[in-house]
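**Q** Can you read through this structure? Questions will come right after.
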Amino acid sequence: MKEIKILSLLYSDGRQDQGRFTYTTRPPYTIEFAHANLGAQRFTGEDLFDCLTAVREFLAHHDIYPLCAGARVDAYPSRMSRQMSGGRKVYLMEMGKPAELLADIFDAAPAEKVGSVTAQREYFQQWLKSLQPGA
């Protein structure tokens, strides 16, 4: 089964546009990204978060960032949420606090919360360290 989301896209110069994300809800997981100027691209992965990460890396080469929860720097899935939701749910994290809020990766996100895949991974590692005693 496939579902479609139209997501806002943010260009590095501040302009916004939209892209169509068509994704599978069961394995094998894929996201088909379609955009007027970039054409259609298909991305596969172990789960939807992996697929979205691949889309984000592709878009980053064009200085474009999707404005969705899965692209938030402070969002990351747990192993259990990846297994149970197919990577569709992420935790929203705050330094020094256990993650509590779950969001759908395709939920809208404010521009100031969105960043690169690298920034997201670095934030996740810093967040893990912030939970250790004496951090």
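Going by the structure tokens order, chains are called A, B, ..., each with residues numbered from 1, while ligands are numbered from 1 in the order shown.
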Run DSSP on the backbone of this structure and report the residues of stretch 2-90 of chain A it assigns to helix (DSSP H, G or I), as a PyMOL selection string.
**A** chain A and resi 48-60+69-71+79-85
**Q** Write the residues of the preceding selection, restricted to N, CA and C atoms, as a short mmCIF file (atom, residue, chain, number, x, y, z; two decimals), in the first residue's frame.
**A**
data_model
loop_
_atom_site.label_atom_id
_atom_site.label_comp_id
_atom_site.auth_asym_id
_atom_site.auth_seq_id
_atom_site.Cartn_x
_atom_site.Cartn_y
_atom_site.Cartn_z
N LEU A 48 11.34 3.51 6.58
CA LEU A 48 11.02 4.81 6.00
C LEU A 48 11.98 5.92 6.44
N PHE A 49 12.51 5.81 7.66
CA PHE A 49 13.48 6.81 8.11
C PHE A 49 14.74 6.74 7.23
N ASP A 50 15.20 5.53 6.92
CA ASP A 50 16.33 5.37 6.00
C ASP A 50 16.02 5.98 4.64
N CYS A 51 14.84 5.72 4.14
CA CYS A 51 14.43 6.27 2.84
C CYS A 51 14.42 7.79 2.87
N LEU A 52 13.84 8.35 3.94
CA LEU A 52 13.79 9.81 4.05
C LEU A 52 15.19 10.40 4.17
N THR A 53 16.07 9.72 4.87
CA THR A 53 17.45 10.17 4.98
C THR A 53 18.09 10.24 3.59
N ALA A 54 17.84 9.24 2.76
CA ALA A 54 18.37 9.24 1.39
C ALA A 54 17.79 10.39 0.57
N VAL A 55 16.50 10.65 0.73
CA VAL A 55 15.87 11.79 0.03
C VAL A 55 16.54 13.09 0.50
N ARG A 56 16.73 13.23 1.79
CA ARG A 56 17.32 14.45 2.34
C ARG A 56 18.74 14.66 1.83
N GLU A 57 19.51 13.59 1.71
CA GLU A 57 20.87 13.71 1.19
C GLU A 57 20.84 14.14 -0.28
N PHE A 58 19.91 13.60 -1.05
CA PHE A 58 19.74 14.02 -2.44
C PHE A 58 19.37 15.51 -2.51
N LEU A 59 18.39 15.92 -1.71
CA LEU A 59 17.95 17.31 -1.72
C LEU A 59 19.03 18.28 -1.24
N ALA A 60 19.86 17.83 -0.30
CA ALA A 60 20.93 18.68 0.22
C ALA A 60 21.90 19.09 -0.89
N ALA A 69 9.09 16.48 10.28
CA ALA A 69 9.64 16.05 11.56
C ALA A 69 10.84 15.12 11.39
N GLY A 70 10.85 14.30 10.36
CA GLY A 70 11.98 13.40 10.13
C GLY A 70 13.26 14.13 9.76
N ALA A 71 13.17 15.41 9.42
CA ALA A 71 14.34 16.22 9.07
C ALA A 71 14.73 17.17 10.20
N ARG A 79 15.38 2.16 18.09
CA ARG A 79 15.38 0.87 17.41
C ARG A 79 13.98 0.25 17.45
N MET A 80 13.32 0.35 18.60
CA MET A 80 11.99 -0.23 18.74
C MET A 80 10.97 0.49 17.85
N SER A 81 11.05 1.82 17.79
CA SER A 81 10.08 2.54 16.95
C SER A 81 10.32 2.22 15.47
N ARG A 82 11.58 1.99 15.11
CA ARG A 82 11.88 1.63 13.72
C ARG A 82 11.27 0.27 13.40
N GLN A 83 11.38 -0.65 14.32
CA GLN A 83 10.83 -1.99 14.09
C GLN A 83 9.31 -1.98 14.08
N MET A 84 8.72 -1.25 14.99
CA MET A 84 7.26 -1.29 15.13
C MET A 84 6.53 -0.40 14.13
N SER A 85 7.15 0.72 13.73
CA SER A 85 6.47 1.64 12.83
C SER A 85 7.09 1.67 11.44
#
**Q** Can you tell me, as a list in words, what residues are no more than 12 Å from A:Ala108 when counting only C-alpha atoms, ignoring any on the same chain fewer than 2 positions away?
**A**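 Within the cut-off, the hits are Lys5, Ile6, Leu7, Ser8, Leu9, Leu10, Gln18, Pro66, Leu67, Cys68, Ala69, Gly70, Ala71, Arg72, Ala103, Asp104, Ile105, Phe106, Pro110, Ala111, Lys113 and Val114 of chain A.
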**Q** For the selection you just gave me, I'd like the residues written to a file as a PDB file, in the first residue's frame, keeping C-alpha atoms.
**A**
ATOM      1  CA  LYS A   5       2.268  13.502   1.386  1.00  0.00           C
ATOM      2  CA  ILE A   6       2.898  16.927  -0.079  1.00  0.00           C
ATOM      3  CA  LEU A   7       5.645  18.543   1.981  1.00  0.00           C
ATOM      4  CA  SER A   8       7.021  22.043   2.027  1.00  0.00           C
ATOM      5  CA  LEU A   9      10.630  22.386   0.918  1.00  0.00           C
ATOM      6  CA  LEU A  10      12.996  25.096   2.108  1.00  0.00           C
ATOM      7  CA  GLN A  18       6.578  21.780  -2.417  1.00  0.00           C
ATOM      8  CA  PRO A  66      12.109  19.161   3.568  1.00  0.00           C
ATOM      9  CA  LEU A  67      10.143  20.803   6.373  1.00  0.00           C
ATOM     10  CA  CYS A  68       9.109  17.618   8.145  1.00  0.00           C
ATOM     11  CA  ALA A  69       9.642  16.046  11.562  1.00  0.00           C
ATOM     12  CA  GLY A  70      11.979  13.403  10.130  1.00  0.00           C
ATOM     13  CA  ALA A  71      14.338  16.216   9.074  1.00  0.00           C
ATOM     14  CA  ARG A  72      14.376  17.942  12.464  1.00  0.00           C
ATOM     15  CA  ALA A 103       6.152  12.423  15.836  1.00  0.00           C
ATOM     16  CA  ASP A 104       5.393  11.068  12.392  1.00  0.00           C
ATOM     17  CA  ILE A 105       8.356  11.688  10.079  1.00  0.00           C
ATOM     18  CA  PHE A 106       6.026  13.334   7.561  1.00  0.00           C
ATOM     19  CA  PRO A 110       9.282  24.674  11.430  1.00  0.00           C
ATOM     20  CA  ALA A 111      12.269  25.760   9.340  1.00  0.00           C
ATOM     21  CA  LYS A 113      14.188  23.002  13.612  1.00  0.00           C
ATOM     22  CA  VAL A 114      15.255  21.383  10.317  1.00  0.00           C
TER      23      VAL A 114
END
**Q** Where in stretch 48-134 of chain A does DSSP assign strand (DSSP E or B), given as a list of chain:residue names?
**A**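 Across stretch 48-134 of chain A, those assigned strand (DSSP E or B) are A:Ile64, A:Tyr65, A:Pro66, A:Cys68, A:Arg72, A:Ala75, A:Tyr76, A:Lys89, A:Val90, A:Tyr91, A:Leu92, A:Met93, A:Glu94, A:Lys97, A:Pro98, A:Ala99, A:Glu100, A:Leu101, A:Leu102, A:Ala103, A:Asp104, A:Ala108, A:Val114.
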**Q** Just the selected residues (C-alpha atoms), exported as a PDB file, in the first residue's frame, please.
**A**
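Wrote it out as part_0.pdb, contents follow:
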ATOM      1  CA  ILE A  64      16.878  22.069  -0.272  1.00  0.00           C
ATOM      2  CA  TYR A  65      15.512  20.803   3.051  1.00  0.00           C
ATOM      3  CA  PRO A  66      12.109  19.161   3.568  1.00  0.00           C
ATOM      4  CA  CYS A  68       9.109  17.618   8.145  1.00  0.00           C
ATOM      5  CA  ARG A  72      14.376  17.942  12.464  1.00  0.00           C
ATOM      6  CA  ALA A  75      14.435  14.085  16.055  1.00  0.00           C
ATOM      7  CA  TYR A  76      15.583  10.482  15.804  1.00  0.00           C
ATOM      8  CA  LYS A  89       7.963   7.571  14.082  1.00  0.00           C
ATOM      9  CA  VAL A  90      10.742   9.657  15.625  1.00  0.00           C
ATOM     10  CA  TYR A  91      11.359  10.902  19.124  1.00  0.00           C
ATOM     11  CA  LEU A  92      11.759  14.629  19.706  1.00  0.00           C
ATOM     12  CA  MET A  93      14.723  15.081  22.027  1.00  0.00           C
ATOM     13  CA  GLU A  94      15.894  17.759  24.410  1.00  0.00           C
ATOM     14  CA  LYS A  97      15.995  14.844  29.210  1.00  0.00           C
ATOM     15  CA  PRO A  98      14.600  11.457  28.202  1.00  0.00           C
ATOM     16  CA  ALA A  99      12.751  11.565  24.896  1.00  0.00           C
ATOM     17  CA  GLU A 100       8.998  11.473  25.339  1.00  0.00           C
ATOM     18  CA  LEU A 101       7.262  12.907  22.308  1.00  0.00           C
ATOM     19  CA  LEU A 102       6.798  10.809  19.191  1.00  0.00           C
ATOM     20  CA  ALA A 103       6.152  12.423  15.836  1.00  0.00           C
ATOM     21  CA  ASP A 104       5.393  11.068  12.392  1.00  0.00           C
ATOM     22  CA  ALA A 108       5.230  19.458   9.258  1.00  0.00           C
ATOM     23  CA  VAL A 114      15.255  21.383  10.317  1.00  0.00           C
TER      24      VAL A 114
END
**Q** To one decimal place, how far is atom CA of A:Gly115 from atom CA of A:Pro77 in Å?
**A**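 Computed distance, atom CA of A:Gly115 to atom CA of A:Pro77, equals 15.9 Å.
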